[in-house]
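Containing CSV, C-alpha atoms and all ligand atoms: input04.csv.
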```csv
chain,number,residue,atom,x,y,z
A,18,MET,CA,-13.8,1.5,-18.2
A,19,SER,CA,-12.9,-2.0,-19.4
A,20,GLN,CA,-10.8,-4.9,-18.3
A,21,THR,CA,-7.3,-5.6,-19.5
A,22,THR,CA,-5.4,-8.9,-19.2
A,23,ILE,CA,-1.7,-8.7,-18.4
A,24,PRO,CA,1.0,-11.4,-18.1
A,25,ALA,CA,2.6,-11.4,-14.7
A,26,THR,CA,5.6,-9.3,-15.8
A,27,THR,CA,4.1,-6.4,-17.8
A,28,HIS,CA,5.2,-3.0,-16.6
A,29,ARG,CA,4.0,0.5,-17.5
A,30,SER,CA,6.6,3.0,-18.5
A,31,SER,CA,6.4,6.6,-17.3
A,32,ASP,CA,8.6,9.6,-16.6
A,33,SER,CA,7.7,13.1,-15.6
A,34,THR,CA,9.3,16.2,-14.0
A,35,PRO,CA,10.7,15.3,-10.6
A,36,ALA,CA,8.9,17.0,-7.6
A,37,ARG,CA,10.7,18.9,-4.9
A,38,HIS,CA,11.8,16.9,-1.8
A,39,LEU,CA,12.4,18.4,1.6
A,40,PRO,CA,13.4,17.1,5.0
A,41,ILE,CA,10.4,16.5,7.3
A,42,ARG,CA,10.4,18.3,10.6
A,43,PRO,CA,8.7,17.0,13.8
A,44,MET,CA,5.4,18.7,14.6
A,45,ALA,CA,5.9,22.2,16.0
A,46,ALA,CA,5.1,23.1,19.6
A,47,ALA,CA,2.7,25.8,18.4
A,48,THR,CA,0.7,23.1,16.5
A,49,TRP,CA,0.3,21.1,19.6
A,50,ASP,CA,-0.8,24.2,21.6
A,51,ALA,CA,-3.4,25.0,19.0
A,52,ALA,CA,-4.7,21.4,19.1
A,53,ALA,CA,-4.7,21.0,22.9
A,54,ALA,CA,-8.3,22.1,23.6
A,55,ASP,CA,-9.7,19.7,20.9
A,56,ILE,CA,-7.5,16.9,22.1
A,57,ASP,CA,-8.8,17.4,25.7
A,58,ALA,CA,-12.4,17.6,24.6
A,59,ILE,CA,-12.1,14.4,22.5
A,60,THR,CA,-10.4,12.5,25.3
A,61,ALA,CA,-13.4,13.4,27.6
A,62,LEU,CA,-16.0,12.7,24.9
A,63,LYS,CA,-14.5,9.2,24.2
A,64,ARG,CA,-15.1,8.3,27.9
A,65,GLU,CA,-18.5,9.9,28.0
A,66,LYS,CA,-19.7,8.2,24.8
A,67,ASP,CA,-17.9,4.9,25.2
A,68,ALA,CA,-16.0,5.5,22.0
A,69,ILE,CA,-12.7,4.5,20.5
A,70,VAL,CA,-10.8,6.2,17.7
A,71,LEU,CA,-9.2,4.0,15.0
A,72,ALA,CA,-6.8,6.1,12.9
A,73,HIS,CA,-5.1,5.3,9.6
A,74,ASN,CA,-1.4,5.9,9.3
A,75,TYR,CA,-2.1,8.8,7.0
A,76,MET,CA,-3.9,10.9,9.6
A,77,THR,CA,-2.2,14.2,10.6
A,78,GLY,CA,0.0,14.1,13.7
A,79,ASP,CA,-2.6,15.9,16.0
A,80,ILE,CA,-5.0,12.9,15.3
A,81,PHE,CA,-2.4,10.2,15.0
A,82,HIS,CA,-0.4,11.1,18.2
A,83,GLY,CA,-3.1,13.1,20.0
A,84,VAL,CA,-6.4,11.2,20.0
A,85,ALA,CA,-6.0,7.8,18.2
A,86,ASP,CA,-6.4,4.7,20.4
A,87,ILE,CA,-5.3,2.3,17.6
A,88,THR,CA,-3.3,3.3,14.6
A,89,GLY,CA,-2.4,1.2,11.6
A,90,ASP,CA,-2.8,0.2,7.9
A,91,SER,CA,-6.1,-1.0,6.4
A,92,LEU,CA,-5.5,-4.5,7.6
A,93,ALA,CA,-4.7,-3.6,11.2
A,94,LEU,CA,-7.7,-1.3,11.4
A,95,ALA,CA,-10.0,-4.1,10.0
A,96,ARG,CA,-8.6,-6.6,12.5
A,97,ALA,CA,-9.0,-4.1,15.4
A,98,ALA,CA,-12.6,-3.2,14.4
A,99,GLN,CA,-13.5,-6.9,14.9
A,100,HIS,CA,-12.6,-6.8,18.6
A,101,VAL,CA,-13.3,-3.3,20.0
A,102,ALA,CA,-15.1,-3.3,23.4
A,103,GLN,CA,-16.5,0.2,23.1
A,104,SER,CA,-20.0,0.8,21.6
A,105,THR,CA,-18.9,3.5,19.2
A,106,ILE,CA,-16.0,3.4,16.7
A,107,VAL,CA,-14.8,6.7,15.2
A,108,LEU,CA,-13.0,5.8,12.0
A,109,ALA,CA,-10.3,8.4,11.3
A,110,GLY,CA,-9.7,7.4,7.8
A,111,VAL,CA,-11.7,7.1,4.6
A,112,HIS,CA,-15.2,5.8,3.8
A,113,PHE,CA,-14.3,2.2,2.8
A,114,MET,CA,-12.4,1.8,6.1
A,115,ALA,CA,-15.5,2.8,8.1
A,116,GLU,CA,-17.7,0.5,6.0
A,117,THR,CA,-15.3,-2.4,6.6
A,118,ALA,CA,-15.4,-1.7,10.4
A,119,LYS,CA,-19.2,-1.8,10.3
A,120,LEU,CA,-19.2,-5.0,8.3
A,121,LEU,CA,-16.9,-6.7,10.7
A,122,ASN,CA,-18.7,-5.5,13.8
A,123,PRO,CA,-22.3,-4.7,12.9
A,124,GLY,CA,-23.4,-4.2,16.5
A,125,LYS,CA,-21.2,-1.1,16.9
A,126,ARG,CA,-22.1,2.4,15.9
A,127,VAL,CA,-19.4,3.5,13.4
A,128,LEU,CA,-18.9,7.2,12.8
A,129,LEU,CA,-17.0,8.8,9.9
A,130,PRO,CA,-16.3,12.5,10.6
A,131,ASP,CA,-16.6,13.6,7.0
A,132,LEU,CA,-18.7,11.6,4.4
A,133,ARG,CA,-16.7,13.2,1.6
A,134,ALA,CA,-13.6,11.2,2.6
A,135,GLY,CA,-13.7,8.8,-0.3
A,136,CYS,CA,-11.1,7.1,-2.4
A,137,SER,CA,-10.3,7.2,-6.1
A,138,LEU,CA,-9.9,3.4,-6.2
A,139,ALA,CA,-13.3,2.8,-4.5
A,140,ALA,CA,-14.9,5.2,-6.9
A,141,SER,CA,-13.5,3.5,-10.0
A,142,VAL,CA,-15.5,0.3,-10.0
A,143,THR,CA,-19.1,-0.8,-9.4
A,144,ALA,CA,-20.9,-4.1,-8.5
A,145,ALA,CA,-22.1,-4.2,-12.1
A,146,ASP,CA,-18.5,-3.9,-13.4
A,147,VAL,CA,-17.5,-7.0,-11.3
A,148,ARG,CA,-20.5,-9.0,-12.5
A,149,ALA,CA,-19.4,-8.2,-16.1
A,150,LEU,CA,-15.8,-9.2,-15.4
A,151,ARG,CA,-17.0,-12.5,-14.0
A,152,ALA,CA,-19.3,-13.1,-17.0
A,153,ALA,CA,-16.3,-12.5,-19.3
A,154,ASN,CA,-14.0,-14.7,-17.3
A,155,PRO,CA,-16.0,-17.7,-16.0
A,156,GLY,CA,-14.4,-19.6,-13.2
A,157,VAL,CA,-11.6,-17.0,-12.5
A,158,PRO,CA,-11.7,-15.9,-8.8
A,159,VAL,CA,-12.2,-12.2,-8.0
A,160,VAL,CA,-9.7,-10.7,-5.6
A,161,THR,CA,-10.8,-7.3,-4.5
A,162,TYR,CA,-8.8,-4.7,-2.7
A,163,VAL,CA,-10.4,-3.4,0.5
A,164,ASN,CA,-10.4,0.1,-1.1
A,165,THR,CA,-13.9,-0.6,-2.5
A,166,SER,CA,-17.5,-0.3,-1.6
A,167,VAL,CA,-19.5,-2.9,0.2
A,168,ALA,CA,-21.5,-3.6,-3.0
A,169,VAL,CA,-18.2,-4.4,-4.9
A,170,LYS,CA,-17.0,-6.6,-2.0
A,171,ALA,CA,-20.3,-8.5,-2.1
A,172,GLU,CA,-19.5,-9.6,-5.7
A,173,SER,CA,-16.0,-10.8,-4.8
A,174,ASP,CA,-14.6,-14.1,-3.7
A,175,ILE,CA,-12.0,-12.7,-1.3
A,176,CYS,CA,-10.6,-9.3,-0.3
A,177,CYS,CA,-7.0,-8.2,0.2
A,178,THR,CA,-5.1,-5.3,1.4
A,179,SER,CA,-1.6,-4.1,0.4
A,180,GLY,CA,-0.3,-5.9,3.5
A,181,ASN,CA,-1.6,-9.3,2.6
A,182,ALA,CA,-2.2,-9.3,-1.2
A,183,VAL,CA,0.6,-11.7,-2.0
A,184,ARG,CA,-0.6,-14.2,0.7
A,185,VAL,CA,-4.2,-13.9,-0.4
A,186,VAL,CA,-3.4,-14.5,-4.1
A,187,GLU,CA,-1.1,-17.4,-3.3
A,188,SER,CA,-3.7,-18.9,-1.0
A,189,LEU,CA,-6.0,-19.4,-4.0
A,190,GLY,CA,-3.6,-21.8,-5.7
A,191,VAL,CA,-4.5,-20.7,-9.2
A,192,ASP,CA,-2.5,-19.3,-12.1
A,193,ARG,CA,-5.0,-16.5,-13.0
A,194,VAL,CA,-7.1,-14.1,-11.0
A,195,ILE,CA,-9.3,-11.1,-11.5
A,196,MET,CA,-7.7,-8.4,-9.3
A,197,ILE,CA,-9.6,-5.2,-8.9
A,198,PRO,CA,-9.6,-2.2,-8.9
A,199,ASP,CA,-5.9,-1.1,-8.6
A,200,GLN,CA,-4.1,-1.8,-11.8
A,201,TYR,CA,-0.7,-1.0,-10.2
A,202,LEU,CA,-1.2,-3.1,-7.1
A,203,ALA,CA,-2.3,-6.0,-9.4
A,204,ARG,CA,0.8,-5.6,-11.6
A,205,ASN,CA,3.1,-5.4,-8.5
A,206,ILE,CA,1.5,-8.6,-7.0
A,207,ALA,CA,1.7,-10.3,-10.4
A,208,ALA,CA,5.4,-9.6,-10.5
A,209,GLN,CA,5.8,-11.1,-7.0
A,210,THR,CA,3.6,-14.2,-7.4
A,211,GLY,CA,3.9,-15.1,-11.0
A,212,VAL,CA,0.1,-15.2,-11.2
A,213,ASP,CA,-1.5,-13.7,-14.3
A,214,MET,CA,-3.9,-10.9,-13.5
A,215,ILE,CA,-7.0,-9.7,-15.2
A,216,ILE,CA,-6.9,-6.1,-14.1
A,217,TRP,CA,-9.2,-3.1,-13.8
A,218,PRO,CA,-7.9,0.3,-14.8
A,219,GLY,CA,-8.3,2.0,-11.4
A,220,ALA,CA,-5.5,3.9,-9.7
A,221,CYS,CA,-4.8,5.7,-6.5
A,222,GLU,CA,-4.8,9.4,-7.4
A,223,VAL,CA,-1.9,10.0,-4.9
A,224,HIS,CA,0.4,7.0,-5.7
A,225,GLU,CA,-0.1,7.2,-9.5
A,226,GLN,CA,1.7,10.5,-9.5
A,227,PHE,CA,5.1,9.1,-8.4
A,228,THR,CA,7.6,8.2,-11.2
A,229,ALA,CA,10.8,6.3,-11.4
A,230,ALA,CA,12.4,9.6,-12.5
A,231,GLU,CA,11.4,11.2,-9.3
A,232,VAL,CA,13.0,8.3,-7.3
A,233,ARG,CA,16.2,8.7,-9.3
A,234,ALA,CA,16.2,12.5,-8.7
A,235,LEU,CA,15.7,11.8,-5.0
A,236,ARG,CA,18.7,9.5,-4.8
A,237,ASP,CA,20.8,12.1,-6.6
A,238,GLU,CA,19.6,14.8,-4.2
A,239,TYR,CA,20.1,12.7,-1.0
A,240,PRO,CA,22.8,10.1,-1.6
A,241,GLY,CA,22.4,7.0,0.7
A,242,VAL,CA,18.6,7.6,1.1
A,243,THR,CA,16.6,4.4,1.6
A,244,VAL,CA,13.4,4.5,-0.5
A,245,LEU,CA,10.3,2.7,0.7
A,246,ALA,CA,7.3,2.6,-1.7
A,247,HIS,CA,3.6,1.7,-1.3
A,248,PRO,CA,2.5,-1.1,-3.8
A,249,GLU,CA,-0.2,1.3,-5.1
A,250,CYS,CA,2.7,3.0,-7.0
A,251,PRO,CA,3.4,2.1,-10.6
A,252,PRO,CA,5.6,-1.0,-10.9
A,253,GLU,CA,8.6,0.9,-12.2
A,254,VAL,CA,8.5,3.1,-9.0
A,255,VAL,CA,8.4,-0.1,-6.9
A,256,ALA,CA,11.3,-1.5,-8.9
A,257,ALA,CA,13.3,1.7,-8.3
A,258,ALA,CA,12.6,1.5,-4.5
A,259,ASP,CA,14.6,-0.5,-1.9
A,260,PHE,CA,11.5,-1.9,-0.3
A,261,ALA,CA,7.7,-2.0,-1.0
A,262,GLY,CA,5.0,-2.6,1.5
A,263,SER,CA,1.8,-1.4,3.1
A,264,THR,CA,1.9,1.6,5.3
A,265,ALA,CA,2.3,-0.6,8.4
A,266,GLN,CA,5.1,-2.6,6.7
A,267,MET,CA,6.9,0.6,5.9
A,268,SER,CA,6.5,1.8,9.5
A,269,ASP,CA,7.9,-1.6,10.7
A,270,PHE,CA,10.9,-1.2,8.4
A,271,VAL,CA,11.7,2.2,9.9
A,272,ALA,CA,11.1,0.9,13.5
A,273,GLY,CA,13.6,-1.9,12.7
A,274,ARG,CA,16.3,0.8,12.5
A,275,ARG,CA,17.3,-0.5,9.1
A,276,ALA,CA,18.1,3.0,7.7
A,277,ASN,CA,19.2,6.5,8.9
A,278,MET,CA,17.7,8.5,6.1
A,279,VAL,CA,14.4,7.4,4.6
A,280,ALA,CA,12.0,8.6,1.9
A,281,LEU,CA,8.5,7.1,2.0
A,282,VAL,CA,6.9,7.1,-1.5
A,283,THR,CA,3.4,7.5,-0.2
A,284,GLU,CA,1.1,10.0,1.5
A,285,CYS,CA,3.2,12.7,3.2
A,286,SER,CA,1.5,12.8,6.6
A,287,MET,CA,2.8,9.3,7.3
A,288,SER,CA,6.4,10.6,7.1
A,289,ALA,CA,5.6,13.4,9.5
A,290,ASN,CA,4.1,10.9,12.0
A,291,LEU,CA,7.1,8.6,11.7
A,292,ALA,CA,9.5,11.6,12.0
A,293,ASP,CA,7.8,12.4,15.4
A,294,ALA,CA,8.2,8.8,16.6
A,295,HIS,CA,11.8,8.3,15.3
A,296,PRO,CA,13.9,11.5,15.8
A,297,GLU,CA,17.0,9.4,15.1
A,298,VAL,CA,15.9,8.9,11.4
A,299,GLU,CA,15.9,11.7,8.8
A,300,PHE,CA,12.8,11.6,6.6
A,301,ILE,CA,12.7,13.2,3.2
A,302,GLY,CA,9.2,14.3,2.3
A,303,MET,CA,7.5,13.3,-0.9
A,304,CYS,CA,5.0,16.1,-0.7
A,305,ARG,CA,1.8,14.3,-1.8
A,306,LEU,CA,-1.3,14.5,0.3
A,307,CYS,CA,-4.5,12.4,-0.1
A,308,PRO,CA,-7.3,15.0,-0.3
A,309,HIS,CA,-9.8,12.4,1.1
A,310,MET,CA,-7.7,11.5,4.2
A,311,GLN,CA,-7.1,15.2,4.7
A,312,ARG,CA,-10.8,15.8,5.2
A,313,ILE,CA,-10.6,14.1,8.6
A,314,THR,CA,-9.6,16.7,11.1
A,315,LEU,CA,-9.4,17.0,14.9
A,316,LYS,CA,-12.4,19.3,14.9
A,317,GLY,CA,-14.3,16.9,12.7
A,318,ILE,CA,-13.7,14.0,15.2
A,319,ARG,CA,-14.8,16.2,18.0
A,320,THR,CA,-18.0,17.1,16.2
A,321,ALA,CA,-18.6,13.5,15.3
A,322,LEU,CA,-18.5,12.5,18.9
A,323,GLU,CA,-20.6,15.5,20.0
A,324,THR,CA,-23.4,14.9,17.4
A,325,GLY,CA,-23.2,11.3,16.4
A,326,ARG,CA,-22.5,12.2,12.8
A,327,HIS,CA,-21.9,10.6,10.3
A,328,GLU,CA,-23.1,7.1,11.2
A,329,ILE,CA,-22.2,4.5,8.6
A,330,THR,CA,-24.7,1.8,7.7
A,331,VAL,CA,-24.5,-1.1,5.3
A,332,ASP,CA,-27.3,-2.6,3.3
A,333,PRO,CA,-28.2,-5.9,5.1
A,334,GLN,CA,-29.0,-7.4,1.7
A,335,ILE,CA,-25.4,-7.3,0.6
A,336,ALA,CA,-23.6,-7.1,4.0
A,337,ASP,CA,-23.4,-10.9,4.6
A,338,ARG,CA,-21.8,-11.6,1.2
A,339,ALA,CA,-19.4,-8.7,1.6
A,340,ARG,CA,-18.5,-9.8,5.1
A,341,LEU,CA,-17.7,-13.3,3.8
A,342,ALA,CA,-15.1,-11.8,1.4
A,343,VAL,CA,-13.4,-9.8,4.1
A,344,GLU,CA,-13.5,-12.6,6.6
A,345,ARG,CA,-12.0,-15.0,4.1
A,346,MET,CA,-9.1,-12.5,3.8
A,347,LEU,CA,-8.7,-12.3,7.5
A,348,ALA,CA,-8.5,-16.1,7.7
A,349,VAL,CA,-5.5,-16.3,5.3
B,401,LIG,P1,-2.5,0.6,3.6
B,401,LIG,O1,-3.5,-0.6,3.8
B,401,LIG,O2,-1.2,0.2,3.2
B,401,LIG,O3,-2.6,1.4,4.9
B,401,LIG,O4,-3.1,1.5,2.4
B,401,LIG,C1,-4.3,2.1,2.4
B,401,LIG,C2,-4.4,3.2,1.5
B,401,LIG,O5,-5.4,3.7,1.2
B,401,LIG,C3,-3.1,3.6,0.8
B,401,LIG,O6,-3.3,4.6,-0.1
B,402,LIG,FE1,-7.6,6.1,-1.8
B,402,LIG,FE2,-5.1,6.8,-2.6
B,402,LIG,FE3,-6.3,8.2,-0.8
B,402,LIG,FE4,-5.4,5.8,-0.2
B,402,LIG,S1,-4.2,7.5,-0.7
B,402,LIG,S2,-7.4,6.6,0.4
B,402,LIG,S3,-5.8,4.7,-2.1
B,402,LIG,S4,-7.0,8.0,-2.9
```
Let's see the structure in the file written out as structure tokens.
Amino acid sequence: MSQTTIPATTHRSSDSTPARHLPIRPMAAATWDAAAADIDAITALKREKDAIVLAHNYMTGDIFHGVADITGDSLALARAAQHVAQSTIVLAGVHFMAETAKLLNPGKRVLLPDLRAGCSLAASVTAADVRALRAANPGVPVVTYVNTSVAVKAESDICCTSGNAVRVVESLGVDRVIMIPDQYLARNIAAQTGVDMIIWPGACEVHEQFTAAEVRALRDEYPGVTVLAHPECPPEVVAAADFAGSTAQMSDFVAGRRANMVALVTECSMSANLADAHPEVEFIGMCRLCPHMQRITLKGIRTALETGRHEITVDPQIADRARLAVERMLAV
């Protein structure tokens, strides 16, 4: 892959066949019954092993409502990981989130229930790619999305999440940054800040599927629906939405009772979790699941606590530099 430079206003154009959208129903009683034994076992194991479960907003309801001690977006989980009292953190999310927790609190044992829980963005860029970008663009700061490996973070000036990317970019006070690896997040932040972006052609395999045509079809199907989009979506999807923000910012929008009918243009489990928490709001499902997030299951969390697998470690040679980039972000 190679870099591309874009002015702050460039947009991709795309259209494809609209997907089918259906109202989301709260989690069925039978699902809770089936999960009860694992939830009870995990609750006891957490006490026995001095463990805490940090769960991303995309976890399924049995995890999100059943065993998570702290839930949130990438930013909230990173902040929480810094301050946990327990000796073990079970990260119910994907690999980069577990690595970030380990970076921020290296004295803790961090467990990821399934090592295959990766991320298409993290897989799209290497440390060597970042070094090449720097060499080609001397003096331009590197802003790296947290959805990356520790090795990539170590080559970066500062990290960002979807929840703080605008603030992070503006904090640098420059008119040009290298923003990796999500080309769509970079374009969306360029449009909001007016800062030119040197981008990397990475994309989230879930959010890149959404199109403006699908949002228009949704509005035709459900007149009055409020559309909230994640900034990993292509810019024309964000432009077609009513609001764009991180998973936590979308949750806050819903909690603020600003809409009666909502479609979240993001991973579908999150709509189900919010539907459980907000029975007064009707949620229209966007039917896309992240295959990596879905690898984390209740049974996997139970096994992780029982066996101590899979413990996340970070190379001490690069940990300090990577931690600096994440801590700079948290200080903004
Ligand atoms: P948030 O930081 O908004 O939770 O996003 C993380 C992510 O992986 C979205 O696909
Ligand atoms: Fe990565 Fe996309 Fe899955 Fe988030 S939804 S973890 S960005 S692949």
If we count all atoms listed in the file, what is near region 48-57 of chain A at a cut-off of 8 Å, once residues fewer than 6 positions away on the same chain are taken out, given as a short mmCIF file (atom, residue, chain, number, x, y, z; two decimals) with C-alpha atoms, in the frame of the given file?
```cif
data_model
loop_
_atom_site.label_atom_id
_atom_site.label_comp_id
_atom_site.auth_asym_id
_atom_site.auth_seq_id
_atom_site.Cartn_x
_atom_site.Cartn_y
_atom_site.Cartn_z
CA ASP A 79 -2.60 15.90 16.00
CA GLY A 83 -3.10 13.10 20.00
CA VAL A 84 -6.40 11.20 20.00
CA LEU A 315 -9.40 17.00 14.90
CA LYS A 316 -12.40 19.30 14.90
CA ARG A 319 -14.80 16.20 18.00
#
```
Option closest in space to ligand LIG 402 (chain B), from A:Glu116, A:Glu297, A:Glu225, A:Glu344 [counting only C-alpha atoms and all ligand atoms]: A:Glu225
Within-10 Å residues of ligand LIG 401 (chain B), basis only C-alpha atoms and all ligand atoms, as an MDAnalysis selection string: chainID A and resid 73:75 88:95 110:111 113:114 135:139 162:164 177:181 220:224 247:250 262:267 283:284 287 307 309:310
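With only C-alpha atoms and all ligand atoms as the basis for measurement, A:Ala140 is the residue among A:Ala140, A:Val191, A:Val271, A:Ala234 that approaches ligand LIG 402 (chain B) most closely.
Shortest separation to ligand LIG 402 (chain B) among A:Gln200, A:Asn205, A:Thr228, A:Asn277 occurs at residue A:Gln200, atoms counted being all atoms listed in the file.
Of the residues listed (A:Ala134, A:Ala118, A:Ala144, A:Pro218), A:Ala118 shows the shortest atom-to-atom separation from Thr330 (chain A); distances use all atoms listed in the file.
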Å distance separating CA of Pro333 (chain A) from CA of Ala168 (chain A), one decimal place: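 Computing it gives 10.8 Å between the two atoms.
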Å distance separating CA of Leu132 (chain A) from CA of Ile59 (chain A), one decimal place: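 Interatomic distance, CA of Leu132 (chain A) to CA of Ile59 (chain A): 19.5 Å.
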Residues within 12 Å of (-15.7, -2.7, 27.7), counting all atoms listed in the file, listed as a PyMOL selection string: chain A and resi 64+66-69+100-105
Could you save the residues just selected, with C-alpha atoms, as a short mmCIF file (atom, residue, chain, number, x, y, z; two decimals), keeping the file's coordinate frame?
```cif
data_model
loop_
_atom_site.label_atom_id
_atom_site.label_comp_id
_atom_site.auth_asym_id
_atom_site.auth_seq_id
_atom_site.Cartn_x
_atom_site.Cartn_y
_atom_site.Cartn_z
CA ARG A 64 -15.10 8.30 27.90
CA LYS A 66 -19.70 8.20 24.80
CA ASP A 67 -17.90 4.90 25.20
CA ALA A 68 -16.00 5.50 22.00
CA ILE A 69 -12.70 4.50 20.50
CA HIS A 100 -12.60 -6.80 18.60
CA VAL A 101 -13.30 -3.30 20.00
CA ALA A 102 -15.10 -3.30 23.40
CA GLN A 103 -16.50 0.20 23.10
CA SER A 104 -20.00 0.80 21.60
CA THR A 105 -18.90 3.50 19.20
#
```
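Proximity of A:Arg184, A:Asn290, A:Ala208, A:Val254 to Ser268 (chain A), computed with all atoms listed in the file, is greatest for A:Asn290.
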Cut-off 9 Å around (-9.3, -5.3, -6.8) with all atoms listed in the file: residues as a PyMOL selection string: chain A and resi 138+142+159-165+173+176-177+195-200+202-203+216-217+219
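Nearest residue to ligand LIG 402 (chain B) among A:Ala207, A:Val157, A:Ala109, A:Ile215 is A:Ala109, counting all atoms listed in the file.
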Residue contacts of Arg236 (chain A) (12 Å, only C-alpha atoms) excluding same-chain residues fewer than 4 positions away, as a ChimeraX atom specification: /A:35,38,229-232,240-244,257-259,278-280,301
Point-to-point distance from CA of Leu121 (chain A) to CA of Gly78 (chain A), Å rounded to tenths: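 Taking CA of Leu121 (chain A) and CA of Gly78 (chain A), their separation equals 27.0 Å.
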Just the residues within 8 Å of Arg340 (chain A), please, counting all atoms listed in the file, with nothing from its chain fewer than 6 positions along; format it as a short mmCIF file (atom, residue, chain, number, x, y, z; two decimals) with C-alpha atoms, in the frame of the given file.
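Output file part_14.cif follows:
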```cif
data_model
loop_
_atom_site.label_atom_id
_atom_site.label_comp_id
_atom_site.auth_asym_id
_atom_site.auth_seq_id
_atom_site.Cartn_x
_atom_site.Cartn_y
_atom_site.Cartn_z
CA LEU A 120 -19.20 -5.00 8.30
CA LEU A 121 -16.90 -6.70 10.70
CA LYS A 170 -17.00 -6.60 -2.00
CA ALA A 171 -20.30 -8.50 -2.10
#
```
